[in-house]
>>> print(open('input35.cif').read())   # mmCIF, C-alpha atoms
data_entry
#
loop_
_atom_site.label_atom_id
_atom_site.label_comp_id
_atom_site.auth_asym_id
_atom_site.auth_seq_id
_atom_site.Cartn_x
_atom_site.Cartn_y
_atom_site.Cartn_z
CA MET A 88 12.33 63.71 58.09
CA ALA A 89 14.74 63.70 55.16
CA VAL A 90 13.38 63.19 51.68
CA ASP A 91 14.67 59.92 50.26
CA ALA A 92 14.35 58.00 47.02
CA ALA A 93 11.72 55.61 48.39
CA ASP A 94 9.45 58.46 49.52
CA ALA A 95 9.89 60.18 46.16
CA ALA A 96 8.91 56.92 44.46
CA GLN A 97 5.59 56.99 46.34
CA ILE A 98 4.90 60.50 45.01
CA ARG A 99 5.80 59.35 41.50
CA SER A 100 3.40 56.40 41.77
CA ALA A 101 0.62 58.65 43.07
CA LEU A 102 1.07 61.01 40.12
CA VAL A 103 0.69 58.10 37.70
CA ARG A 104 -2.60 57.19 39.38
CA LEU A 105 -3.72 60.84 39.42
CA ARG A 106 -3.26 61.19 35.66
CA ARG A 107 -4.94 57.84 34.98
CA THR A 108 -8.00 58.43 37.16
CA THR A 109 -8.54 62.15 36.46
CA GLY A 110 -7.62 62.22 32.79
CA LEU A 111 -5.52 65.34 33.41
CA PRO A 112 -2.65 65.57 30.92
CA VAL A 113 -0.14 67.06 33.35
CA ALA A 114 0.80 66.07 36.90
CA PHE A 115 3.72 67.00 39.11
CA GLY A 116 4.60 67.07 42.77
CA GLY A 117 7.15 66.69 45.49
CA LEU A 118 7.87 66.29 49.17
CA VAL A 119 8.30 68.78 51.98
CA GLU A 120 12.01 69.37 52.54
CA SER A 121 13.43 68.37 55.89
CA GLY A 122 13.32 71.20 58.41
CA ARG A 123 11.68 73.63 55.97
CA ARG A 124 8.18 74.84 55.21
CA GLN A 125 8.55 74.31 51.50
CA VAL A 126 7.88 71.65 48.90
CA ARG A 127 10.51 70.83 46.29
CA ILE A 128 8.94 69.80 42.96
CA SER A 129 10.85 66.65 42.03
CA GLU A 130 8.45 64.54 39.98
CA LEU A 131 7.02 65.57 36.59
CA SER A 132 4.54 63.63 34.47
CA GLY A 133 3.23 64.83 31.12
CA THR A 134 5.12 68.13 31.19
CA ALA A 135 6.54 69.63 28.01
CA THR A 136 9.33 71.66 29.66
CA THR A 137 11.54 71.54 32.75
CA ALA A 138 10.23 74.89 34.01
CA LEU A 139 8.72 73.34 37.15
CA SER A 140 11.60 70.97 37.92
CA ALA A 141 13.23 71.57 41.34
CA LEU A 142 10.93 74.53 42.01
CA ALA A 143 10.75 75.29 45.75
CA VAL A 144 7.19 76.17 46.79
CA THR A 145 6.95 77.93 50.14
CA ALA A 146 3.99 77.26 52.43
CA GLY A 147 1.32 79.89 51.84
CA ASN A 148 2.62 80.93 48.41
CA GLY A 149 0.96 79.98 45.13
CA LEU A 150 -1.57 77.18 44.83
CA GLY A 151 0.56 74.39 46.28
CA GLY A 152 1.76 76.58 49.12
CA ARG A 153 -1.86 77.40 49.95
CA ALA A 154 -2.68 73.68 50.02
CA VAL A 155 0.24 73.13 52.42
CA ALA A 156 -0.78 76.01 54.69
CA LEU A 157 -4.44 74.93 54.83
CA SER A 158 -3.78 71.16 54.75
CA ARG A 159 -6.58 70.73 52.22
CA PRO A 160 -7.03 70.49 48.43
CA CYS A 161 -7.13 73.73 46.44
CA ALA A 162 -7.93 74.44 42.78
CA VAL A 163 -8.06 77.40 40.40
CA THR A 164 -9.66 77.67 36.97
CA ASP A 165 -7.09 80.07 35.52
CA TYR A 166 -3.85 80.14 37.49
CA THR A 167 -2.21 83.36 36.37
CA VAL A 168 -5.27 85.57 36.91
CA SER A 169 -6.73 83.87 39.99
CA ARG A 170 -7.34 86.13 42.99
CA GLN A 171 -7.40 83.16 45.36
CA ILE A 172 -3.63 82.71 45.39
CA SER A 173 -0.40 84.70 45.38
CA HIS A 174 1.62 84.74 42.18
CA GLU A 175 5.27 84.05 43.00
CA TYR A 176 5.35 81.12 40.55
CA ASP A 177 3.51 82.56 37.55
CA LEU A 178 6.57 82.43 35.27
CA PRO A 179 7.26 78.67 35.48
CA VAL A 180 3.53 77.88 35.40
CA ALA A 181 3.11 80.04 32.29
CA ALA A 182 6.24 78.55 30.71
CA GLU A 183 4.61 75.11 30.99
CA GLY A 184 1.37 76.55 29.58
CA LEU A 185 -0.81 75.57 32.54
CA ARG A 186 -4.17 77.21 33.22
CA SER A 187 -6.52 75.10 35.38
CA VAL A 188 -4.57 73.58 38.27
CA LEU A 189 -5.37 71.60 41.40
CA ALA A 190 -3.10 70.87 44.36
CA VAL A 191 -3.71 68.16 46.97
CA PRO A 192 -1.59 67.88 50.12
CA VAL A 193 -0.25 64.51 51.23
CA VAL A 194 -0.85 64.52 54.98
CA VAL A 195 0.73 61.91 57.23
CA ARG A 196 0.05 61.97 60.96
CA ARG A 197 -1.36 65.48 60.72
CA ARG A 198 1.76 66.80 58.98
CA VAL A 199 1.93 67.73 55.30
CA ARG A 200 4.61 65.57 53.70
CA GLY A 201 4.12 66.55 50.08
CA VAL A 202 1.82 67.92 47.38
CA LEU A 203 0.33 66.41 44.22
CA TYR A 204 -0.64 68.73 41.37
CA GLY A 205 -2.79 68.08 38.32
CA ALA A 206 -3.35 70.54 35.50
CA LEU A 207 -4.94 71.41 32.16
CA ARG A 208 -3.55 73.71 29.49
CA SER A 209 -6.97 75.30 29.11
CA ALA A 210 -9.04 77.40 31.53
CA GLN A 211 -12.04 75.32 32.55
CA PRO A 212 -13.51 74.11 35.86
CA LEU A 213 -11.98 70.83 36.98
CA GLY A 214 -15.11 69.51 38.70
CA ASP A 215 -15.76 67.51 41.85
CA ARG A 216 -15.09 64.11 40.26
CA THR A 217 -11.65 65.19 39.12
CA LEU A 218 -10.80 66.64 42.53
CA SER A 219 -12.09 63.51 44.30
CA ALA A 220 -9.92 61.28 42.12
CA ALA A 221 -6.88 63.45 42.86
CA VAL A 222 -7.61 63.25 46.59
CA ALA A 223 -7.83 59.45 46.33
CA ALA A 224 -4.38 59.38 44.72
CA ALA A 225 -3.04 61.46 47.61
CA ARG A 226 -4.63 59.07 50.14
CA ASP A 227 -2.76 56.18 48.49
CA ALA A 228 0.52 58.06 48.91
CA GLU A 229 -0.35 58.82 52.54
CA GLN A 230 -0.98 55.16 53.33
CA ALA A 231 2.27 54.11 51.69
CA LEU A 232 4.23 56.71 53.67
CA VAL A 233 2.52 55.65 56.91
CA LEU A 234 3.62 52.07 56.28
CA ARG A 235 7.18 53.20 55.61
CA ASP A 236 7.19 55.20 58.85
CA GLU A 237 5.88 52.23 60.81
CA ALA A 238 8.51 50.02 59.23
CA ASP A 239 11.30 52.44 60.17
CA GLU A 240 10.00 52.64 63.74
CA LEU A 241 9.80 48.87 64.06
CA LEU A 242 13.29 48.40 62.66
CA THR A 243 14.59 50.89 65.21
CA ALA A 244 12.67 49.26 68.06
CA ALA A 245 13.85 45.82 66.99
CA ALA A 246 17.53 46.73 67.23
CA PRO A 247 18.98 44.23 69.75
CA ALA A 248 20.11 45.71 73.05
CA PRO A 249 23.59 44.77 74.35
CA GLY A 250 23.79 42.16 77.07
CA PRO A 251 21.51 39.24 77.99
CA ALA A 252 17.78 39.79 77.60
CA ASP A 253 15.54 39.39 80.64
CA GLY A 254 11.89 38.32 80.51
CA THR A 255 10.57 41.81 79.84
CA ALA A 256 13.12 42.40 77.09
CA TRP A 257 12.19 39.09 75.45
CA GLU A 258 8.53 40.05 75.45
CA GLN A 259 9.43 43.31 73.70
CA VAL A 260 11.49 41.35 71.17
CA ARG A 261 8.53 39.03 70.55
CA GLU A 262 6.13 41.94 70.15
CA ALA A 263 8.50 43.59 67.65
CA HIS A 264 8.85 40.29 65.76
CA ALA A 265 5.07 39.85 65.50
CA ALA A 266 4.61 43.48 64.41
CA LEU A 267 7.29 43.18 61.72
CA ARG A 268 5.79 39.95 60.39
CA ALA A 269 2.32 41.51 60.27
CA LEU A 270 3.50 44.71 58.59
CA ALA A 271 5.73 43.16 55.91
CA PRO A 272 2.96 41.79 53.62
CA ARG A 273 1.37 45.26 53.46
CA ILE A 274 4.58 46.83 52.06
CA THR A 275 4.52 47.20 48.28
CA ASP A 276 8.23 48.09 48.02
CA PRO A 277 9.96 44.66 47.60
CA ALA A 278 13.31 45.87 48.95
CA LEU A 279 11.75 47.32 52.09
CA ARG A 280 9.59 44.21 52.57
CA ASP A 281 12.66 41.96 52.36
CA GLU A 282 14.50 44.23 54.80
CA LEU A 283 11.64 43.92 57.30
CA LEU A 284 11.58 40.14 57.02
CA ARG A 285 15.37 39.97 57.47
CA ALA A 286 15.06 42.17 60.55
CA ALA A 287 12.34 39.90 61.91
CA GLY A 288 14.61 36.92 61.31
CA LEU A 289 17.38 38.53 63.35
CA LEU A 290 15.07 38.56 66.37
CA VAL A 291 14.76 34.78 66.36
CA ALA A 292 17.15 33.11 68.79
CA GLY A 293 20.00 31.04 67.37
CA ASP A 294 20.63 30.59 63.68
CA GLY A 295 17.00 30.30 62.62
CA PRO A 296 14.80 27.24 62.09
CA VAL A 297 16.39 23.87 62.76
CA PRO A 298 15.78 20.82 60.55
CA GLY A 299 12.20 19.72 60.96
CA PRO A 300 8.75 20.97 59.97
CA ARG A 301 8.79 23.68 57.32
CA LEU A 302 6.29 26.43 58.00
CA ALA A 303 4.91 28.74 55.31
CA PRO A 304 5.49 32.48 55.82
CA ARG A 305 1.82 33.12 56.60
CA GLU A 306 1.81 30.28 59.13
CA VAL A 307 4.70 31.97 60.91
CA ASP A 308 2.84 35.29 60.75
CA VAL A 309 -0.22 33.76 62.41
CA LEU A 310 1.84 32.01 65.09
CA ALA A 311 3.67 35.27 65.84
CA CYS A 312 0.33 36.97 66.43
CA VAL A 313 -0.93 34.08 68.56
CA ALA A 314 2.29 34.15 70.58
CA GLY A 315 1.54 37.77 71.43
CA GLY A 316 -1.87 36.83 72.80
CA ALA A 317 -3.94 37.79 69.75
CA THR A 318 -7.27 36.11 69.11
CA ASN A 319 -8.04 34.80 65.63
CA GLY A 320 -10.04 37.95 64.93
CA GLU A 321 -7.23 40.22 66.13
CA ALA A 322 -4.68 38.27 64.09
CA ALA A 323 -6.92 38.56 61.02
CA GLU A 324 -7.15 42.33 61.45
CA ARG A 325 -3.39 42.73 61.85
CA LEU A 326 -2.62 40.54 58.84
CA GLY A 327 -5.36 41.89 56.61
CA VAL A 328 -7.03 38.53 56.04
CA GLY A 329 -10.28 36.89 57.18
CA PRO A 330 -10.68 34.98 60.47
CA GLU A 331 -11.31 31.74 58.59
CA THR A 332 -8.01 32.19 56.77
CA VAL A 333 -6.24 32.64 60.10
CA LYS A 334 -7.87 29.44 61.40
CA SER A 335 -6.73 27.57 58.29
CA TYR A 336 -3.10 28.72 58.66
CA LEU A 337 -3.16 27.95 62.38
CA ARG A 338 -4.53 24.43 61.86
CA SER A 339 -1.90 23.77 59.20
CA ALA A 340 0.91 25.02 61.46
CA MET A 341 -0.36 22.94 64.40
CA ARG A 342 -0.49 19.83 62.22
CA LYS A 343 3.07 20.35 60.97
CA LEU A 344 4.35 20.99 64.50
CA GLY A 345 2.46 18.05 66.00
CA ALA A 346 0.66 20.38 68.40
CA ARG A 347 -2.82 19.87 69.80
CA THR A 348 -3.33 23.43 71.09
CA ARG A 349 -2.35 26.95 70.16
CA THR A 350 -0.04 27.12 73.17
CA GLU A 351 1.74 23.92 72.18
CA ALA A 352 2.14 25.23 68.63
CA VAL A 353 3.78 28.43 69.86
CA ALA A 354 6.09 26.51 72.20
CA SER A 355 7.08 24.12 69.41
CA ALA A 356 7.69 27.00 66.99
CA ARG A 357 10.01 28.60 69.54
CA ARG A 358 11.89 25.35 70.16
CA THR A 359 12.42 24.83 66.44
CA GLY A 360 13.56 28.41 65.81
CA TRP A 361 10.53 29.80 63.98
CA LEU A 362 9.66 32.30 66.73
CA PRO A 363 11.79 34.23 69.24
#
>>> encode(input="input35.cif", output="structure tokens")
Amino acid sequence: MAVDAADAAQIRSALVRLRRTTGLPVAFGGLVESGRRQVRISELSGTATTALSALAVTAGNGLGGRAVALSRPCAVTDYTVSRQISHEYDLPVAAEGLRSVLAVPVVVRRRVRGVLYGALRSAQPLGDRTLSAAVAAARDAEQALVLRDEADELLTAAAPAPGPADGTAWEQVREAHAALRALAPRITDPALRDELLRAAGLLVAGDGPVPGPRLAPREVDVLACVAGGATNGEAAERLGVGPETVKSYLRSAMRKLGARTRTEAVASARRTGWLP
């Protein structure tokens, strides 16, 4: 998968959290380059030089390369004299004045997608609390990248096929619509979230909602889940809210649509262009 600006932004955000939660003065990192077993250092935070900028770290080499190869966090107390790692990158590390360094891989779907580093300019043990906080920052980046992957997959799956849609095709369209609506609120990137919602809108037949009841976005989200056969509990899990919240949105949507049952609400939402 090609490295793009949005993925790099997730690494940058994770480094900000890493510095804040660990107290380490220096953090840097980057993503695995497409088709290669190496990480390109693209994000620097708290550095005094550009010695580490654009550095390519090969899997197995140095501290970060060891973290990539093992798919687990690694740390050294004094980088340039450590016997735990190879020393291909001693010059840029020394130029930045780094001594104690940790490296945490960002692993998405069992594949290392990047590495976060944190460092001190003195040789002292980093401790379990520091390492745990760095790992938590990496987990945040992993979750964000998973959501982006899911969004890309849904956008691809939602691409309309040429020709008239039969019953099976319409069910697939409806499933994709419900999945896009459920995923969008979990996306922190506003541009990507808007793109998902626009894509979901393209799956609705016609030109969108006709004049009539105006449904709130979350009411549409709940109806999309219900249309796919989800129970209130399943809808709550997909949308990241409580079952009582789902019930509240569903009751509100039913009232606006003049429906007495969930099935009537879904049928009315389809007739009025809120659902595909």
>>> closest_residue(input="input35.cif", among="A:Ala323, A:Ala286, A:Leu232, A:Ala352", to="Pro300 of chain A", atoms="only C-alpha atoms")
A:Ala352
>>> residues_around(input="input35.cif", residues="Ala146 of chain A", least_positions_apart="4", cutoff="7 Å", atoms="all atoms listed in the file", output="PyMOL selection string")
chain A and resi 124-125+152-153+155-156
>>> resolve_selection(input="input35.cif", expression="the PyMOL selection byres ((chain A and resi 126) around 10)", output="list in words")
Gly116, Gly117, Leu118, Val119, Glu120, Ser121, Arg123, Arg124, Gln125, Arg127, Ile128, Ser129, Ala141, Leu142, Ala143, Val144, Thr145, Ala146, Gly151, Gly152, Val155, Val199, Arg200, Gly201 and Val202 of chain A
>>> write_last_selection(input="input35.cif", atoms="C-alpha atoms", output="PDB file, keeping the file's coordinate frame")
ATOM      1  CA  GLY A 116       4.600  67.070  42.770  1.00  0.00           C
ATOM      2  CA  GLY A 117       7.150  66.690  45.490  1.00  0.00           C
ATOM      3  CA  LEU A 118       7.870  66.290  49.170  1.00  0.00           C
ATOM      4  CA  VAL A 119       8.300  68.780  51.980  1.00  0.00           C
ATOM      5  CA  GLU A 120      12.010  69.370  52.540  1.00  0.00           C
ATOM      6  CA  SER A 121      13.430  68.370  55.890  1.00  0.00           C
ATOM      7  CA  ARG A 123      11.680  73.630  55.970  1.00  0.00           C
ATOM      8  CA  ARG A 124       8.180  74.840  55.210  1.00  0.00           C
ATOM      9  CA  GLN A 125       8.550  74.310  51.500  1.00  0.00           C
ATOM     10  CA  ARG A 127      10.510  70.830  46.290  1.00  0.00           C
ATOM     11  CA  ILE A 128       8.940  69.800  42.960  1.00  0.00           C
ATOM     12  CA  SER A 129      10.850  66.650  42.030  1.00  0.00           C
ATOM     13  CA  ALA A 141      13.230  71.570  41.340  1.00  0.00           C
ATOM     14  CA  LEU A 142      10.930  74.530  42.010  1.00  0.00           C
ATOM     15  CA  ALA A 143      10.750  75.290  45.750  1.00  0.00           C
ATOM     16  CA  VAL A 144       7.190  76.170  46.790  1.00  0.00           C
ATOM     17  CA  THR A 145       6.950  77.930  50.140  1.00  0.00           C
ATOM     18  CA  ALA A 146       3.990  77.260  52.430  1.00  0.00           C
ATOM     19  CA  GLY A 151       0.560  74.390  46.280  1.00  0.00           C
ATOM     20  CA  GLY A 152       1.760  76.580  49.120  1.00  0.00           C
ATOM     21  CA  VAL A 155       0.240  73.130  52.420  1.00  0.00           C
ATOM     22  CA  VAL A 199       1.930  67.730  55.300  1.00  0.00           C
ATOM     23  CA  ARG A 200       4.610  65.570  53.700  1.00  0.00           C
ATOM     24  CA  GLY A 201       4.120  66.550  50.080  1.00  0.00           C
ATOM     25  CA  VAL A 202       1.820  67.920  47.380  1.00  0.00           C
TER      26      VAL A 202
END
>>> atom_distance(input="input35.cif", atom1="atom CA of Arg273 of chain A", atom2="atom CA of Asp308 of chain A")
12.4 Å
>>> resolve_selection(input="input35.cif", expression="the PyMOL selection byres ((chain A and resi 238) around 9)", output="compact mmCIF listing (two decimals) with C-alpha atoms, keeping the file's coordinate frame")
# COMPACT_ATOMS: atom_id res chain seq x y z
CA VAL A 233 2.52 55.65 56.91
CA LEU A 234 3.62 52.07 56.28
CA ARG A 235 7.18 53.20 55.61
CA ASP A 236 7.19 55.20 58.85
CA GLU A 237 5.88 52.23 60.81
CA ASP A 239 11.30 52.44 60.17
CA GLU A 240 10.00 52.64 63.74
CA LEU A 241 9.80 48.87 64.06
CA LEU A 242 13.29 48.40 62.66
CA THR A 243 14.59 50.89 65.21
CA LEU A 267 7.29 43.18 61.72
CA LEU A 270 3.50 44.71 58.59
CA ALA A 271 5.73 43.16 55.91
CA ILE A 274 4.58 46.83 52.06
CA LEU A 279 11.75 47.32 52.09
CA ARG A 280 9.59 44.21 52.57
CA LEU A 283 11.64 43.92 57.30
>>> atom_distance(input="input35.cif", atom1="atom CA of Tyr204 of chain A", atom2="atom CA of Ala190 of chain A")
4.4 Å
>>> residues_around(input="input35.cif", residues="Gly214 of chain A", least_positions_apart="4", cutoff="10 Å", atoms="all atoms listed in the file", output="list of chain:residue names")
A:Ala162, A:Thr164, A:Leu218, A:Ser219
>>> residues_around(input="input35.cif", residues="Ala266 of chain A", least_positions_apart="5", cutoff="9 Å", atoms="only C-alpha atoms", output="ChimeraX atom specification")
/A:241,261,271,287,311-312,325
>>> write_last_selection(input="input35.cif", atoms="C-alpha atoms", output="short mmCIF file (atom, residue, chain, number, x, y, z; two decimals), in the coordinates of the input")
data_model
loop_
_atom_site.label_atom_id
_atom_site.label_comp_id
_atom_site.auth_asym_id
_atom_site.auth_seq_id
_atom_site.Cartn_x
_atom_site.Cartn_y
_atom_site.Cartn_z
CA LEU A 241 9.80 48.87 64.06
CA ARG A 261 8.53 39.03 70.55
CA ALA A 271 5.73 43.16 55.91
CA ALA A 287 12.34 39.90 61.91
CA ALA A 311 3.67 35.27 65.84
CA CYS A 312 0.33 36.97 66.43
CA ARG A 325 -3.39 42.73 61.85
#
>>> resolve_selection(input="input35.cif", expression="the PyMOL selection byres ((chain A and resi 172-179) around 8)", output="VMD selection string")
chain A and resid 138 to 139 148 to 150 153 166 to 167 169 to 171 180 to 183
>>> write_last_selection(input="input35.cif", atoms="C-alpha atoms", output="mmCIF file, in the frame of the given file")
data_model
loop_
_atom_site.group_PDB
_atom_site.id
_atom_site.type_symbol
_atom_site.label_atom_id
_atom_site.label_comp_id
_atom_site.auth_asym_id
_atom_site.auth_seq_id
_atom_site.Cartn_x
_atom_site.Cartn_y
_atom_site.Cartn_z
ATOM 1 C CA ALA A 138 10.230 74.890 34.010
ATOM 2 C CA LEU A 139 8.720 73.340 37.150
ATOM 3 C CA ASN A 148 2.620 80.930 48.410
ATOM 4 C CA GLY A 149 0.960 79.980 45.130
ATOM 5 C CA LEU A 150 -1.570 77.180 44.830
ATOM 6 C CA ARG A 153 -1.860 77.400 49.950
ATOM 7 C CA TYR A 166 -3.850 80.140 37.490
ATOM 8 C CA THR A 167 -2.210 83.360 36.370
ATOM 9 C CA SER A 169 -6.730 83.870 39.990
ATOM 10 C CA ARG A 170 -7.340 86.130 42.990
ATOM 11 C CA GLN A 171 -7.400 83.160 45.360
ATOM 12 C CA VAL A 180 3.530 77.880 35.400
ATOM 13 C CA ALA A 181 3.110 80.040 32.290
ATOM 14 C CA ALA A 182 6.240 78.550 30.710
ATOM 15 C CA GLU A 183 4.610 75.110 30.990
#
>>> atom_distance(input="input35.cif", atom1="atom CA of His264 of chain A", atom2="atom CA of Leu290 of chain A")
6.5 Å
>>> closest_residue(input="input35.cif", among="A:Ala93, A:Gly299, A:Arg186, A:Leu362", to="Pro212 of chain A", atoms="only C-alpha atoms")
A:Arg186
>>> build_atoms(input="input35.cif", residues="segment 164-173 of chain A", atoms="all heavy atoms", output="PDB file, in the coordinates of the input")
ATOM      1  N   THR A 164      -9.255  77.893  38.356  1.00  0.00           N
ATOM      2  CA  THR A 164      -9.660  77.670  36.970  1.00  0.00           C
ATOM      3  C   THR A 164      -8.680  78.300  35.987  1.00  0.00           C
ATOM      4  O   THR A 164      -8.462  77.773  34.897  1.00  0.00           O
ATOM      5  CB  THR A 164     -11.075  78.216  36.732  1.00  0.00           C
ATOM      6  OG1 THR A 164     -11.978  77.532  37.596  1.00  0.00           O
ATOM      7  CG2 THR A 164     -11.513  78.009  35.287  1.00  0.00           C
ATOM      8  N   ASP A 165      -8.069  79.417  36.380  1.00  0.00           N
ATOM      9  CA  ASP A 165      -7.090  80.070  35.520  1.00  0.00           C
ATOM     10  C   ASP A 165      -5.976  80.621  36.402  1.00  0.00           C
ATOM     11  O   ASP A 165      -6.112  81.678  37.020  1.00  0.00           O
ATOM     12  CB  ASP A 165      -7.726  81.188  34.695  1.00  0.00           C
ATOM     13  CG  ASP A 165      -6.865  81.598  33.509  1.00  0.00           C
ATOM     14  OD1 ASP A 165      -5.661  81.276  33.505  1.00  0.00           O
ATOM     15  OD2 ASP A 165      -7.393  82.236  32.580  1.00  0.00           O
ATOM     16  N   TYR A 166      -4.883  79.891  36.489  1.00  0.00           N
ATOM     17  CA  TYR A 166      -3.850  80.140  37.490  1.00  0.00           C
ATOM     18  C   TYR A 166      -3.350  81.575  37.505  1.00  0.00           C
ATOM     19  O   TYR A 166      -3.315  82.234  38.548  1.00  0.00           O
ATOM     20  CB  TYR A 166      -2.676  79.168  37.260  1.00  0.00           C
ATOM     21  CG  TYR A 166      -1.652  79.184  38.375  1.00  0.00           C
ATOM     22  CD1 TYR A 166      -1.661  78.189  39.345  1.00  0.00           C
ATOM     23  CD2 TYR A 166      -0.664  80.171  38.451  1.00  0.00           C
ATOM     24  CE1 TYR A 166      -0.723  78.190  40.375  1.00  0.00           C
ATOM     25  CE2 TYR A 166       0.257  80.181  39.473  1.00  0.00           C
ATOM     26  CZ  TYR A 166       0.223  79.194  40.436  1.00  0.00           C
ATOM     27  OH  TYR A 166       1.148  79.205  41.454  1.00  0.00           O
ATOM     28  N   THR A 167      -2.929  82.081  36.373  1.00  0.00           N
ATOM     29  CA  THR A 167      -2.210  83.360  36.370  1.00  0.00           C
ATOM     30  C   THR A 167      -3.079  84.564  36.679  1.00  0.00           C
ATOM     31  O   THR A 167      -2.556  85.629  37.030  1.00  0.00           O
ATOM     32  CB  THR A 167      -1.518  83.580  35.001  1.00  0.00           C
ATOM     33  OG1 THR A 167      -2.485  83.496  33.954  1.00  0.00           O
ATOM     34  CG2 THR A 167      -0.434  82.541  34.783  1.00  0.00           C
ATOM     35  N   VAL A 168      -4.410  84.435  36.593  1.00  0.00           N
ATOM     36  CA  VAL A 168      -5.270  85.570  36.910  1.00  0.00           C
ATOM     37  C   VAL A 168      -6.115  85.341  38.162  1.00  0.00           C
ATOM     38  O   VAL A 168      -6.910  86.204  38.546  1.00  0.00           O
ATOM     39  CB  VAL A 168      -6.200  85.921  35.722  1.00  0.00           C
ATOM     40  CG1 VAL A 168      -5.385  86.281  34.493  1.00  0.00           C
ATOM     41  CG2 VAL A 168      -7.152  84.768  35.419  1.00  0.00           C
ATOM     42  N   SER A 169      -5.918  84.193  38.813  1.00  0.00           N
ATOM     43  CA  SER A 169      -6.730  83.870  39.990  1.00  0.00           C
ATOM     44  C   SER A 169      -6.431  84.832  41.139  1.00  0.00           C
ATOM     45  O   SER A 169      -5.269  85.155  41.423  1.00  0.00           O
ATOM     46  CB  SER A 169      -6.463  82.435  40.444  1.00  0.00           C
ATOM     47  OG  SER A 169      -7.125  82.174  41.661  1.00  0.00           O
ATOM     48  N   ARG A 170      -7.490  85.280  41.808  1.00  0.00           N
ATOM     49  CA  ARG A 170      -7.340  86.130  42.990  1.00  0.00           C
ATOM     50  C   ARG A 170      -7.296  85.325  44.284  1.00  0.00           C
ATOM     51  O   ARG A 170      -7.176  85.905  45.367  1.00  0.00           O
ATOM     52  CB  ARG A 170      -8.489  87.136  43.040  1.00  0.00           C
ATOM     53  CG  ARG A 170      -8.486  88.117  41.871  1.00  0.00           C
ATOM     54  CD  ARG A 170      -9.596  89.144  42.024  1.00  0.00           C
ATOM     55  NE  ARG A 170      -9.594  90.109  40.922  1.00  0.00           N
ATOM     56  CZ  ARG A 170     -10.441  91.125  40.832  1.00  0.00           C
ATOM     57  NH1 ARG A 170     -11.384  91.293  41.771  1.00  0.00           N
ATOM     58  NH2 ARG A 170     -10.377  91.967  39.808  1.00  0.00           N
ATOM     59  N   GLN A 171      -7.400  84.007  44.173  1.00  0.00           N
ATOM     60  CA  GLN A 171      -7.400  83.160  45.360  1.00  0.00           C
ATOM     61  C   GLN A 171      -5.994  82.855  45.868  1.00  0.00           C
ATOM     62  O   GLN A 171      -5.821  82.390  46.999  1.00  0.00           O
ATOM     63  CB  GLN A 171      -8.106  81.831  45.059  1.00  0.00           C
ATOM     64  CG  GLN A 171      -9.546  81.975  44.601  1.00  0.00           C
ATOM     65  CD  GLN A 171     -10.128  80.635  44.204  1.00  0.00           C
ATOM     66  OE1 GLN A 171      -9.897  79.618  44.853  1.00  0.00           O
ATOM     67  NE2 GLN A 171     -10.893  80.616  43.114  1.00  0.00           N
ATOM     68  N   ILE A 172      -4.995  83.096  45.040  1.00  0.00           N
ATOM     69  CA  ILE A 172      -3.630  82.710  45.390  1.00  0.00           C
ATOM     70  C   ILE A 172      -2.668  83.869  45.126  1.00  0.00           C
ATOM     71  O   ILE A 172      -2.996  84.833  44.412  1.00  0.00           O
ATOM     72  CB  ILE A 172      -3.165  81.491  44.570  1.00  0.00           C
ATOM     73  CG1 ILE A 172      -3.228  81.810  43.068  1.00  0.00           C
ATOM     74  CG2 ILE A 172      -4.005  80.266  44.907  1.00  0.00           C
ATOM     75  CD1 ILE A 172      -2.622  80.736  42.187  1.00  0.00           C
ATOM     76  N   SER A 173      -1.469  83.762  45.720  1.00  0.00           N
ATOM     77  CA  SER A 173      -0.400  84.700  45.380  1.00  0.00           C
ATOM     78  C   SER A 173       0.290  84.207  44.109  1.00  0.00           C
ATOM     79  O   SER A 173       0.072  83.085  43.664  1.00  0.00           O
ATOM     80  CB  SER A 173       0.591  84.815  46.535  1.00  0.00           C
ATOM     81  OG  SER A 173       1.179  83.554  46.811  1.00  0.00           O
TER      82      SER A 173
END
